[in-house]
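Structure data follow from final-v2.cif (mmCIF, C-alpha atoms):
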data_run
#
loop_
_atom_site.group_PDB
_atom_site.id
_atom_site.type_symbol
_atom_site.label_atom_id
_atom_site.label_comp_id
_atom_site.auth_asym_id
_atom_site.auth_seq_id
_atom_site.Cartn_x
_atom_site.Cartn_y
_atom_site.Cartn_z
ATOM 1 C CA MET A 1 19.873 -3.788 88.777
ATOM 2 C CA SER A 2 21.434 -5.861 91.505
ATOM 3 C CA THR A 3 21.515 -9.634 91.627
ATOM 4 C CA LEU A 4 19.386 -9.459 94.770
ATOM 5 C CA ALA A 5 16.664 -7.497 93.002
ATOM 6 C CA ASP A 6 16.812 -9.866 90.046
ATOM 7 C CA ASP A 7 16.308 -12.869 92.352
ATOM 8 C CA THR A 8 13.177 -11.476 93.990
ATOM 9 C CA LEU A 9 11.797 -10.167 90.689
ATOM 10 C CA THR A 10 12.308 -13.633 89.226
ATOM 11 C CA GLY A 11 10.008 -15.044 91.884
ATOM 12 C CA LEU A 12 7.237 -12.644 90.904
ATOM 13 C CA LEU A 13 7.756 -13.154 87.169
ATOM 14 C CA ASP A 14 7.820 -16.931 87.480
ATOM 15 C CA GLY A 15 4.088 -17.086 88.071
ATOM 16 C CA PRO A 16 2.805 -15.352 84.925
ATOM 17 C CA ARG A 17 4.791 -17.596 82.604
ATOM 18 C CA ALA A 18 3.018 -18.088 79.285
ATOM 19 C CA ARG A 19 1.311 -21.438 78.818
ATOM 20 C CA GLY A 20 -0.420 -21.826 75.513
ATOM 21 C CA ALA A 21 -0.361 -18.080 74.862
ATOM 22 C CA PHE A 22 -2.281 -16.899 71.812
ATOM 23 C CA LEU A 23 0.099 -15.379 69.257
ATOM 24 C CA LEU A 24 -0.894 -13.703 66.018
ATOM 25 C CA ARG A 25 0.754 -11.842 63.159
ATOM 26 C CA SER A 26 -1.726 -9.340 61.707
ATOM 27 C CA ILE A 27 -1.310 -7.738 58.257
ATOM 28 C CA LEU A 28 -3.419 -4.596 58.001
ATOM 29 C CA ASN A 29 -4.163 -1.869 55.474
ATOM 30 C CA PRO A 30 -5.395 1.567 56.613
ATOM 31 C CA PRO A 31 -7.866 2.580 57.682
ATOM 32 C CA TRP A 32 -7.973 -0.223 60.261
ATOM 33 C CA SER A 33 -9.170 -0.419 63.852
ATOM 34 C CA ILE A 34 -9.589 -3.456 66.106
ATOM 35 C CA ARG A 35 -11.542 -3.372 69.341
ATOM 36 C CA VAL A 36 -10.178 -5.897 71.888
ATOM 37 C CA GLU A 37 -12.675 -7.156 74.471
ATOM 38 C CA ASP A 38 -11.130 -10.574 75.118
ATOM 39 C CA ARG A 39 -10.689 -9.935 78.877
ATOM 40 C CA ALA A 40 -7.154 -11.321 78.657
ATOM 41 C CA PRO A 41 -5.109 -10.580 81.791
ATOM 42 C CA LEU A 42 -2.082 -9.405 79.849
ATOM 43 C CA SER A 43 -1.302 -8.714 76.181
ATOM 44 C CA LEU A 44 1.752 -7.565 74.244
ATOM 45 C CA VAL A 45 1.804 -5.853 70.853
ATOM 46 C CA THR A 46 4.790 -4.752 68.798
ATOM 47 C CA PRO A 47 4.788 -3.432 65.214
ATOM 48 C CA ALA A 48 7.050 -5.337 62.852
ATOM 49 C CA GLN A 49 6.110 -2.774 60.204
ATOM 50 C CA GLY A 50 4.135 0.453 60.324
ATOM 51 C CA ASP A 51 2.824 2.495 63.251
ATOM 52 C CA ALA A 52 -0.225 2.016 65.430
ATOM 53 C CA TRP A 53 -2.174 3.663 68.228
ATOM 54 C CA ILE A 54 -3.350 2.016 71.435
ATOM 55 C CA VAL A 55 -6.596 3.655 72.532
ATOM 56 C CA PRO A 56 -7.590 2.676 76.092
ATOM 57 C CA ASP A 57 -11.165 3.060 77.265
ATOM 58 C CA HIS A 58 -9.927 5.448 79.934
ATOM 59 C CA GLY A 59 -6.934 7.656 79.239
ATOM 60 C CA ASP A 60 -5.165 9.185 76.283
ATOM 61 C CA PRO A 61 -4.210 7.310 73.086
ATOM 62 C CA VAL A 62 -0.612 6.078 72.990
ATOM 63 C CA GLU A 63 1.371 5.912 69.746
ATOM 64 C CA LEU A 64 3.327 2.743 68.997
ATOM 65 C CA HIS A 65 6.249 2.511 66.553
ATOM 66 C CA PRO A 66 8.447 -0.329 65.273
ATOM 67 C CA GLY A 67 11.102 -0.978 67.898
ATOM 68 C CA GLU A 68 8.597 -0.513 70.739
ATOM 69 C CA VAL A 69 6.470 -2.945 72.734
ATOM 70 C CA ALA A 70 3.093 -2.162 74.282
ATOM 71 C CA ILE A 71 1.847 -4.091 77.318
ATOM 72 C CA MET A 72 -1.886 -3.919 78.011
ATOM 73 C CA ARG A 73 -3.025 -4.932 81.481
ATOM 74 C CA GLY A 74 -6.455 -6.534 81.346
ATOM 75 C CA PRO A 75 -9.236 -7.202 81.566
ATOM 76 C CA THR A 76 -10.160 -3.629 80.531
ATOM 77 C CA PRO A 77 -10.992 -3.363 76.791
ATOM 78 C CA TYR A 78 -8.915 -1.238 74.427
ATOM 79 C CA THR A 79 -8.660 -0.451 70.715
ATOM 80 C CA ILE A 80 -5.611 -0.702 68.455
ATOM 81 C CA ALA A 81 -5.816 1.288 65.227
ATOM 82 C CA ASP A 82 -3.910 3.078 62.490
ATOM 83 C CA ASP A 83 -5.276 6.347 63.870
ATOM 84 C CA PRO A 84 -7.087 7.176 67.144
ATOM 85 C CA THR A 85 -10.055 8.516 65.167
ATOM 86 C CA THR A 86 -10.603 5.402 63.032
ATOM 87 C CA PRO A 87 -13.801 3.705 64.246
ATOM 88 C CA PRO A 88 -13.526 -0.013 65.132
ATOM 89 C CA GLN A 89 -14.236 -2.411 62.283
ATOM 90 C CA VAL A 90 -13.555 -5.644 64.163
ATOM 91 C CA ILE A 91 -14.167 -6.785 67.744
ATOM 92 C CA ILE A 92 -12.210 -9.581 69.435
ATOM 93 C CA TYR A 93 -14.102 -11.382 72.207
ATOM 94 C CA PRO A 94 -12.960 -14.032 74.736
ATOM 95 C CA GLY A 95 -11.682 -17.170 73.086
ATOM 96 C CA GLN A 96 -10.264 -14.961 70.300
ATOM 97 C CA ARG A 97 -13.663 -14.905 68.585
ATOM 98 C CA CYS A 98 -13.431 -12.241 65.915
ATOM 99 C CA VAL A 99 -16.529 -10.481 64.529
ATOM 100 C CA THR A 100 -17.341 -7.404 62.493
ATOM 101 C CA ILE A 101 -18.851 -4.394 64.197
ATOM 102 C CA ASP A 102 -22.231 -5.772 63.046
ATOM 103 C CA GLY A 103 -21.596 -9.127 64.713
ATOM 104 C CA ASP A 104 -20.666 -11.262 61.700
ATOM 105 C CA ASP A 105 -18.002 -13.881 62.392
ATOM 106 C CA ILE A 106 -14.899 -13.245 60.259
ATOM 107 C CA GLY A 107 -12.215 -15.344 61.957
ATOM 108 C CA GLU A 108 -11.628 -17.829 59.138
ATOM 109 C CA SER A 109 -12.290 -15.429 56.261
ATOM 110 C CA ARG A 110 -9.129 -13.480 57.000
ATOM 111 C CA ASN A 111 -6.925 -16.421 57.883
ATOM 112 C CA LEU A 112 -3.668 -16.063 55.914
ATOM 113 C CA GLY A 113 -1.839 -19.137 57.166
ATOM 114 C CA VAL A 114 0.086 -20.122 60.265
ATOM 115 C CA ARG A 115 -0.727 -17.588 63.028
ATOM 116 C CA THR A 116 -1.305 -14.915 60.370
ATOM 117 C CA TRP A 117 -4.504 -12.928 59.900
ATOM 118 C CA GLY A 118 -5.741 -9.860 58.043
ATOM 119 C CA ASN A 119 -5.294 -8.590 54.508
ATOM 120 C CA ASN A 120 -3.186 -10.249 51.819
ATOM 121 C CA GLU A 121 -1.164 -7.044 51.641
ATOM 122 C CA GLY A 122 -0.852 -4.213 54.125
ATOM 123 C CA SER A 123 1.375 -1.392 55.283
ATOM 124 C CA ALA A 124 1.190 -2.493 58.916
ATOM 125 C CA VAL A 125 2.314 -5.801 60.418
ATOM 126 C CA MET A 126 1.495 -6.267 64.101
ATOM 127 C CA LEU A 127 2.780 -9.051 66.319
ATOM 128 C CA SER A 128 0.598 -9.771 69.326
ATOM 129 C CA GLY A 129 0.804 -12.192 72.220
ATOM 130 C CA THR A 130 -2.009 -12.779 74.693
ATOM 131 C CA TYR A 131 -1.570 -14.481 78.039
ATOM 132 C CA GLN A 132 -4.499 -16.805 78.646
ATOM 133 C CA MET A 133 -4.109 -17.304 82.413
ATOM 134 C CA GLN A 134 -3.757 -14.746 85.188
ATOM 135 C CA ARG A 135 -1.656 -16.149 87.999
ATOM 136 C CA GLU A 136 -1.939 -14.833 91.515
ATOM 137 C CA ILE A 137 1.777 -14.670 92.285
ATOM 138 C CA GLY A 138 2.259 -11.980 89.653
ATOM 139 C CA GLN A 139 -0.478 -9.687 90.972
ATOM 140 C CA ARG A 140 1.915 -7.680 93.129
ATOM 141 C CA LEU A 141 3.979 -6.916 90.030
ATOM 142 C CA PHE A 142 1.294 -6.526 87.383
ATOM 143 C CA GLY A 143 -0.986 -4.554 89.652
ATOM 144 C CA ALA A 144 1.681 -1.830 89.606
ATOM 145 C CA LEU A 145 1.607 -1.515 85.822
ATOM 146 C CA PRO A 146 -0.299 1.272 84.084
ATOM 147 C CA PRO A 147 -3.208 0.074 81.874
ATOM 148 C CA VAL A 148 -1.006 0.650 78.808
ATOM 149 C CA LEU A 149 2.779 0.607 78.982
ATOM 150 C CA VAL A 150 4.876 1.391 75.902
ATOM 151 C CA ARG A 151 8.612 0.870 76.075
ATOM 152 C CA PRO A 152 11.390 0.884 73.458
ATOM 153 C CA ILE A 153 13.057 -2.439 72.813
ATOM 154 C CA ASP A 154 16.665 -2.354 73.973
ATOM 155 C CA ALA A 155 19.150 -2.820 71.150
ATOM 156 C CA GLY A 156 20.337 -6.065 72.686
ATOM 157 C CA ASP A 157 16.789 -7.429 72.760
ATOM 158 C CA SER A 158 15.691 -6.453 69.248
ATOM 159 C CA ALA A 159 16.706 -9.904 68.047
ATOM 160 C CA LEU A 160 14.037 -11.360 70.352
ATOM 161 C CA VAL A 161 11.249 -9.668 68.417
ATOM 162 C CA ALA A 162 12.706 -10.790 65.084
ATOM 163 C CA LEU A 163 12.956 -14.323 66.481
ATOM 164 C CA LEU A 164 9.362 -14.155 67.719
ATOM 165 C CA GLU A 165 8.053 -13.200 64.258
ATOM 166 C CA ASN A 166 10.126 -15.891 62.584
ATOM 167 C CA GLU A 167 8.960 -18.601 64.985
ATOM 168 C CA MET A 168 5.306 -17.499 64.734
ATOM 169 C CA LEU A 169 5.321 -18.601 61.089
ATOM 170 C CA LYS A 170 6.492 -22.119 61.899
ATOM 171 C CA GLN A 171 4.381 -25.160 62.686
ATOM 172 C CA GLU A 172 6.789 -27.683 64.159
ATOM 173 C CA PRO A 173 6.766 -30.079 67.130
ATOM 174 C CA GLY A 174 7.015 -28.167 70.390
ATOM 175 C CA GLN A 175 6.314 -24.860 68.650
ATOM 176 C CA GLU A 176 3.831 -23.675 71.278
ATOM 177 C CA LEU A 177 6.422 -24.089 74.024
ATOM 178 C CA VAL A 178 9.066 -22.249 71.979
ATOM 179 C CA LEU A 179 6.704 -19.324 71.380
ATOM 180 C CA ASP A 180 5.669 -19.185 75.048
ATOM 181 C CA ARG A 181 9.265 -18.868 76.168
ATOM 182 C CA ILE A 182 10.174 -16.204 73.580
ATOM 183 C CA LEU A 183 7.084 -14.208 74.574
ATOM 184 C CA ASP A 184 8.160 -14.467 78.221
ATOM 185 C CA LEU A 185 11.621 -13.168 77.350
ATOM 186 C CA VAL A 186 10.151 -10.150 75.578
ATOM 187 C CA LEU A 187 7.870 -9.461 78.544
ATOM 188 C CA VAL A 188 10.653 -9.744 81.116
ATOM 189 C CA SER A 189 12.921 -7.507 79.042
ATOM 190 C CA VAL A 190 10.286 -4.770 78.881
ATOM 191 C CA LEU A 191 9.372 -5.027 82.567
ATOM 192 C CA ARG A 192 12.970 -4.908 83.755
ATOM 193 C CA ALA A 193 13.669 -1.834 81.659
ATOM 194 C CA TRP A 194 10.510 -0.153 82.961
ATOM 195 C CA LEU A 195 11.261 -0.896 86.605
ATOM 196 C CA ALA A 196 14.846 0.283 86.263
ATOM 197 C CA SER A 197 13.903 3.597 84.622
ATOM 198 C CA PRO A 198 14.039 6.633 86.905
ATOM 199 C CA GLY A 199 10.801 8.444 87.586
ATOM 200 C CA VAL A 200 8.413 5.653 86.542
ATOM 201 C CA GLY A 201 6.932 5.220 89.995
ATOM 202 C CA ALA A 202 8.248 1.716 90.604
ATOM 203 C CA PRO A 203 6.376 0.063 93.483
ATOM 204 C CA ALA A 204 7.752 0.287 97.029
ATOM 205 C CA TRP A 205 8.533 -3.432 97.245
ATOM 206 C CA TYR A 206 10.742 -3.133 94.155
ATOM 207 C CA ARG A 207 12.678 -0.149 95.441
ATOM 208 C CA ALA A 208 13.091 -1.908 98.800
ATOM 209 C CA GLN A 209 14.983 -4.755 97.136
ATOM 210 C CA HIS A 210 18.004 -2.487 96.788
ATOM 211 C CA ASP A 211 18.205 -2.011 100.561
ATOM 212 C CA PRO A 212 20.844 -4.401 101.975
ATOM 213 C CA VAL A 213 18.677 -5.449 104.928
ATOM 214 C CA VAL A 214 15.134 -5.411 103.529
ATOM 215 C CA GLY A 215 16.298 -6.744 100.177
ATOM 216 C CA ALA A 216 17.911 -9.732 101.877
ATOM 217 C CA ALA A 217 14.726 -10.351 103.872
ATOM 218 C CA LEU A 218 12.576 -10.205 100.744
ATOM 219 C CA GLN A 219 14.855 -12.655 98.998
ATOM 220 C CA LEU A 220 14.543 -15.112 101.881
ATOM 221 C CA LEU A 221 10.757 -14.856 101.937
ATOM 222 C CA HIS A 222 10.503 -15.449 98.194
ATOM 223 C CA THR A 223 12.977 -18.307 98.010
ATOM 224 C CA GLU A 224 11.867 -20.038 101.226
ATOM 225 C CA PRO A 225 8.203 -19.122 101.780
ATOM 226 C CA ALA A 226 7.393 -22.412 103.533
ATOM 227 C CA GLN A 227 9.905 -21.818 106.341
ATOM 228 C CA PRO A 228 8.327 -21.146 109.778
ATOM 229 C CA TRP A 229 9.340 -17.511 109.681
ATOM 230 C CA THR A 230 8.882 -15.058 112.501
ATOM 231 C CA VAL A 231 10.165 -11.512 112.543
ATOM 232 C CA ALA A 232 12.816 -12.682 114.997
ATOM 233 C CA THR A 233 14.096 -15.572 112.837
ATOM 234 C CA LEU A 234 14.035 -13.417 109.711
ATOM 235 C CA ALA A 235 15.932 -10.645 111.512
ATOM 236 C CA ALA A 236 18.534 -13.136 112.720
ATOM 237 C CA ARG A 237 19.111 -14.365 109.172
ATOM 238 C CA VAL A 238 19.746 -10.852 107.861
ATOM 239 C CA GLY A 239 21.820 -9.788 110.872
ATOM 240 C CA VAL A 240 19.712 -7.085 112.537
ATOM 241 C CA SER A 241 17.452 -6.821 115.553
ATOM 242 C CA ARG A 242 13.789 -7.773 115.386
ATOM 243 C CA ALA A 243 12.690 -4.194 116.008
ATOM 244 C CA ALA A 244 15.080 -2.801 113.406
ATOM 245 C CA LEU A 245 13.862 -5.201 110.711
ATOM 246 C CA ALA A 246 10.188 -4.619 111.469
ATOM 247 C CA ARG A 247 10.627 -0.853 111.382
ATOM 248 C CA ARG A 248 12.778 -0.782 108.250
ATOM 249 C CA PHE A 249 10.715 -3.349 106.325
ATOM 250 C CA THR A 250 7.430 -1.580 107.038
ATOM 251 C CA ALA A 251 8.860 1.816 106.122
ATOM 252 C CA LEU A 252 10.279 0.658 102.783
ATOM 253 C CA VAL A 253 7.769 -1.979 101.650
ATOM 254 C CA GLY A 254 4.658 -0.389 103.097
ATOM 255 C CA GLU A 255 3.552 -3.333 105.240
ATOM 256 C CA PRO A 256 5.060 -5.489 108.036
ATOM 257 C CA PRO A 257 7.135 -8.521 107.034
ATOM 258 C CA MET A 258 4.618 -11.105 108.272
ATOM 259 C CA ASN A 259 1.786 -9.410 106.375
ATOM 260 C CA TYR A 260 3.914 -9.530 103.228
ATOM 261 C CA LEU A 261 4.677 -13.210 103.864
ATOM 262 C CA THR A 262 0.996 -14.028 104.315
ATOM 263 C CA SER A 263 0.106 -12.388 100.998
ATOM 264 C CA LEU A 264 2.933 -14.236 99.275
ATOM 265 C CA ARG A 265 1.953 -17.609 100.733
ATOM 266 C CA LEU A 266 -1.714 -17.191 99.834
ATOM 267 C CA ALA A 267 -0.862 -16.176 96.277
ATOM 268 C CA LEU A 268 1.313 -19.260 95.920
ATOM 269 C CA ALA A 269 -1.442 -21.397 97.431
ATOM 270 C CA ALA A 270 -4.042 -19.948 95.071
ATOM 271 C CA ASP A 271 -1.930 -20.790 92.039
ATOM 272 C CA LEU A 272 -1.286 -24.331 93.283
ATOM 273 C CA MET A 273 -4.985 -24.900 93.951
ATOM 274 C CA ARG A 274 -5.936 -23.473 90.580
ATOM 275 C CA GLU A 275 -3.529 -25.515 88.511
ATOM 276 C CA SER A 276 -3.454 -28.960 90.030
ATOM 277 C CA ASN A 277 -5.539 -31.622 91.680
ATOM 278 C CA ALA A 278 -3.519 -31.333 94.863
ATOM 279 C CA THR A 279 -5.389 -31.414 98.138
ATOM 280 C CA ILE A 280 -5.663 -28.307 100.281
ATOM 281 C CA GLY A 281 -3.553 -30.088 102.895
ATOM 282 C CA SER A 282 -0.678 -30.737 100.489
ATOM 283 C CA VAL A 283 -0.839 -27.149 99.235
ATOM 284 C CA ALA A 284 -0.816 -25.904 102.834
ATOM 285 C CA ARG A 285 2.431 -27.727 103.589
ATOM 286 C CA LYS A 286 4.101 -26.441 100.424
ATOM 287 C CA VAL A 287 3.445 -22.817 101.332
ATOM 288 C CA GLY A 288 4.172 -22.924 105.059
ATOM 289 C CA TYR A 289 0.917 -23.803 106.809
ATOM 290 C CA SER A 290 0.749 -26.725 109.210
ATOM 291 C CA SER A 291 -2.639 -28.008 108.050
ATOM 292 C CA SER A 292 -5.500 -27.478 105.645
ATOM 293 C CA PHE A 293 -7.423 -25.832 108.495
ATOM 294 C CA ALA A 294 -4.636 -23.290 109.073
ATOM 295 C CA LEU A 295 -4.499 -22.439 105.359
ATOM 296 C CA SER A 296 -8.277 -22.243 105.078
ATOM 297 C CA THR A 297 -8.502 -19.913 108.066
ATOM 298 C CA ALA A 298 -5.860 -17.555 106.655
ATOM 299 C CA PHE A 299 -7.351 -17.700 103.158
ATOM 300 C CA LYS A 300 -10.843 -16.884 104.425
ATOM 301 C CA ARG A 301 -9.574 -14.058 106.656
ATOM 302 C CA VAL A 302 -7.520 -12.345 103.941
ATOM 303 C CA ARG A 303 -9.457 -13.188 100.777
ATOM 304 C CA GLY A 304 -12.987 -13.318 102.112
ATOM 305 C CA MET A 305 -13.671 -16.798 100.736
ATOM 306 C CA SER A 306 -12.693 -20.349 101.527
ATOM 307 C CA PRO A 307 -10.209 -22.273 99.363
ATOM 308 C CA GLN A 308 -13.105 -24.401 98.112
ATOM 309 C CA GLU A 309 -15.001 -21.288 97.012
ATOM 310 C CA TYR A 310 -11.850 -19.973 95.351
ATOM 311 C CA ILE A 311 -11.364 -23.229 93.428
ATOM 312 C CA ARG A 312 -14.985 -23.161 92.222
ATOM 313 C CA GLN A 313 -14.715 -19.558 91.037
ATOM 314 C CA ALA A 314 -11.350 -20.206 89.382
ATOM 315 C CA ALA A 315 -12.794 -23.185 87.510
ATOM 316 C CA ALA A 316 -15.680 -21.025 86.296
ATOM 317 C CA ASN A 317 -13.352 -18.159 85.260
ATOM 318 C CA PRO A 318 -10.120 -19.811 84.074
ATOM 319 C CA GLY A 319 -8.706 -16.753 82.342
ATOM 320 C CA VAL A 320 -8.946 -14.182 85.105
ATOM 321 C CA ALA A 321 -7.838 -13.648 88.671
ATOM 322 C CA VAL A 322 -10.496 -14.357 91.279
ATOM 323 C CA ALA A 323 -11.387 -11.229 93.215
ATOM 324 C CA ALA A 324 -11.638 -11.287 96.975
ATOM 325 C CA VAL A 325 -15.061 -10.889 98.496
ATOM 326 C CA SER A 326 -15.434 -7.420 99.994
#

Mind turning the file's structure into structure tokens?
Amino acid sequence: MSTLADDTLTGLLDGPRARGAFLLRSILNPPWSIRVEDRAPLSLVTPAQGDAWIVPDHGDPVELHPGEVAIMRGPTPYTIADDPTTPPQVIIYPGQRCVTIDGDDIGESRNLGVRTWGNNEGSAVMLSGTYQMQREIGQRLFGALPPVLVRPIDAGDSALVALLENEMLKQEPGQELVLDRILDLVLVSVLRAWLASPGVGAPAWYRAQHDPVVGAALQLLHTEPAQPWTVATLAARVGVSRAALARRFTALVGEPPMNYLTSLRLALAADLMRESNATIGSVARKVGYSSSFALSTAFKRVRGMSPQEYIRQAAANPGVAVAAVS
């Protein structure tokens, strides 16, 4: 992967950084089956010991072995089990509320210590990490993922998983931050390997990053989104004509450069509005709009709701992305 592609990918990965991710080490004895309905935007599971099956609501079961990581793109429910035919015994709801199939709360009854849950002894040990917040800037990347992605852990990254398990058992100052960053490293490692693999159907914008002209334009848009870009100024920066850039960008990315920039700016604006008490005017200036009115007009046109409506919906649904009004 080129440095150019890494730079643009970094911009998309920067948004979904873990913040207070929920991490758990589960010790399980067969037959076991856990139904996950927590509506989390993104979850990772890797077996430290024993095998497992990921059973999506739609699609075929996927086997998971030690040395592999599964990424589940939410909020669609799924089941993880020792065997695809094992019926669920436990359901996990939003807020990591854990109940039996009959509805009895069992969260504390199976607590085995720091971030550890399940049976006192078991042939399977699963490490899981759940992202609590879906950030808009990562939608272009995560929207391209299949509902369940299983990838082998590269030999050079296997130490990350061992480090994650080791750190999950600690309760020290700053431990949450340490775990968030290790989880991010595992996620980035898996995503980079997936995107770089031939025949995986990597999205057009990712493939376009390897083009010397379009890749340079994408890098500029991601690193300097607040600049007053036009097709002409962007073309001048990458050393081609306006017509040549517009034609090449649209052919490779699938949309014109200014459309791409608008989507990028609005995603950045949505994340800023969701996470801080900043005014719409200050957010507008940070993402390249001259005023709150200009941002509001663009937001309403593209997303079908005003920034104020977006903020209200985001506050009511803090763990999920806010859908545009159709």

Margin query: Give me, as number ranges by chain, all polymer residues having an atom no more than 10 Å from Trp229 in chain A, counting all atoms listed in the file and skipping those fewer than 6 positions away in the same chain.
Written below: A: 220-221, 235, 257-258, 261, 288

Note to self: I want to know what sits within 10 Å of Gly59 in chain A, based on only C-alpha atoms, with residues of the same chain fewer than 4 positions away left out; could you give that as a list in words?
What the structure shows: Val55, Pro147 and Val148 of chain A

Notebook entry, point to check: Counting only C-alpha atoms, what is within 6 Å of range 201-209 of chain A, bar same-chain residues fewer than 5 positions away, as a list in words?
Noted result: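 Returned residues: Ala5, Leu195, Gly215, Leu252 and Val253 of chain A.
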
Notebook entry, point to check: So how far away is CA of Gln139 in chain A from CA of Leu24 in chain A, in Å?
Noted result: 25.3 Å

Next item on the list: Any chance you could resolve the PyMOL selection byres ((chain A and resi 117) around 12) against this file and give the residues as number ranges by chain?
Entry: A: 23-29, 98, 106-116, 118-122, 124-128, 168-169

Could those residues be written to a file, using C-alpha atoms, as a PDB file, in the coordinates of the input?
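Dumped to part_13.pdb:
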ATOM      1  CA  LEU A  23       0.099 -15.379  69.257  1.00  0.00           C
ATOM      2  CA  LEU A  24      -0.894 -13.703  66.018  1.00  0.00           C
ATOM      3  CA  ARG A  25       0.754 -11.842  63.159  1.00  0.00           C
ATOM      4  CA  SER A  26      -1.726  -9.340  61.707  1.00  0.00           C
ATOM      5  CA  ILE A  27      -1.310  -7.738  58.257  1.00  0.00           C
ATOM      6  CA  LEU A  28      -3.419  -4.596  58.001  1.00  0.00           C
ATOM      7  CA  ASN A  29      -4.163  -1.869  55.474  1.00  0.00           C
ATOM      8  CA  CYS A  98     -13.431 -12.241  65.915  1.00  0.00           C
ATOM      9  CA  ILE A 106     -14.899 -13.245  60.259  1.00  0.00           C
ATOM     10  CA  GLY A 107     -12.215 -15.344  61.957  1.00  0.00           C
ATOM     11  CA  GLU A 108     -11.628 -17.829  59.138  1.00  0.00           C
ATOM     12  CA  SER A 109     -12.290 -15.429  56.261  1.00  0.00           C
ATOM     13  CA  ARG A 110      -9.129 -13.480  57.000  1.00  0.00           C
ATOM     14  CA  ASN A 111      -6.925 -16.421  57.883  1.00  0.00           C
ATOM     15  CA  LEU A 112      -3.668 -16.063  55.914  1.00  0.00           C
ATOM     16  CA  GLY A 113      -1.839 -19.137  57.166  1.00  0.00           C
ATOM     17  CA  VAL A 114       0.086 -20.122  60.265  1.00  0.00           C
ATOM     18  CA  ARG A 115      -0.727 -17.588  63.028  1.00  0.00           C
ATOM     19  CA  THR A 116      -1.305 -14.915  60.370  1.00  0.00           C
ATOM     20  CA  GLY A 118      -5.741  -9.860  58.043  1.00  0.00           C
ATOM     21  CA  ASN A 119      -5.294  -8.590  54.508  1.00  0.00           C
ATOM     22  CA  ASN A 120      -3.186 -10.249  51.819  1.00  0.00           C
ATOM     23  CA  GLU A 121      -1.164  -7.044  51.641  1.00  0.00           C
ATOM     24  CA  GLY A 122      -0.852  -4.213  54.125  1.00  0.00           C
ATOM     25  CA  ALA A 124       1.190  -2.493  58.916  1.00  0.00           C
ATOM     26  CA  VAL A 125       2.314  -5.801  60.418  1.00  0.00           C
ATOM     27  CA  MET A 126       1.495  -6.267  64.101  1.00  0.00           C
ATOM     28  CA  LEU A 127       2.780  -9.051  66.319  1.00  0.00           C
ATOM     29  CA  SER A 128       0.598  -9.771  69.326  1.00  0.00           C
ATOM     30  CA  MET A 168       5.306 -17.499  64.734  1.00  0.00           C
ATOM     31  CA  LEU A 169       5.321 -18.601  61.089  1.00  0.00           C
TER      32      LEU A 169
END

Item checked: Test item: which residues lie within 9 Å of (-5.9, 9.4, 66.6) counting only C-alpha atoms, as a ChimeraX atom specification -> /A:53,55,61-63,81-86

Next item on the list: Given the file shown, determine the residues that the PyMOL selection byres ((chain A and resi 309) around 12) selects; report them as a list in words.
Entry: Ala270, Met273, Arg274, Ser296, Phe299, Lys300, Arg303, Gly304, Met305, Ser306, Pro307, Gln308, Tyr310, Ile311, Arg312, Gln313, Ala314, Ala315, Ala316, Val322, Ala323, Ala324 and Val325 of chain A

Notebook entry, point to check: Do you know which residues the PyMOL selection byres ((chain A and resi 179-186) around 9) returns on this file, as JSON, numbers by chain?
Noted result: {"A": [16, 17, 18, 19, 20, 21, 22, 23, 44, 69, 129, 153, 157, 160, 161, 163, 164, 167, 168, 174, 175, 176, 177, 178, 187, 188, 189, 190, 191]}

Next item on the list: Just the residues within 12 Å of Leu234 in chain A, please, counting all atoms listed in the file, with nothing from its chain fewer than 6 positions along; format it as a list in words.
Entry: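 Skipping anything fewer than 6 positions along the chain leaves Val213, Val214, Gly215, Ala216, Ala217, Leu218, Gln219, Leu220, Leu221, Glu224, Pro225, Gln227, Pro228, Val240, Ser241, Arg242, Ala243, Ala244, Leu245, Ala246, Phe249, Pro257, Met258 and Leu261 of chain A.
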
Item checked: Coordinates-based distance that separates CA of Ala144 in chain A from CA of His210 in chain A (Å, one decimal) ->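 Atom-to-atom, CA of His210 in chain A and CA of Ala144 in chain A are spaced 17.8 Å apart.
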
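The interatomic distance for the pair CA of Leu272 in chain A and CA of Ser291 in chain A works out to 15.3 Å.
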
Item checked: Which of A:Ile34, A:Ile280, A:Gly254, A:Phe142 sits closest to Tyr93 in chain A [using only C-alpha atoms] ->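 Checking each of A:Ile34, A:Ile280, A:Gly254, A:Phe142 against Tyr93 in chain A, counting only C-alpha atoms, the winner is A:Ile34.
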
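With all atoms listed in the file as the atoms that count, the residue of A:Asp154, A:Glu275, A:Asp102, A:Glu165 with the shortest distance to Trp194 in chain A is A:Asp154.
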
Go ahead and fit an axis-aligned box to every listed atom of range 223-241 of chain A plus 6 Å each side, and pass me the centre and edge lengths in Å, one decimal, as JSON.
{"center_x": 14.6, "center_y": -14.6, "center_z": 106.8, "size_x": 26.4, "size_y": 27.6, "size_z": 29.5}
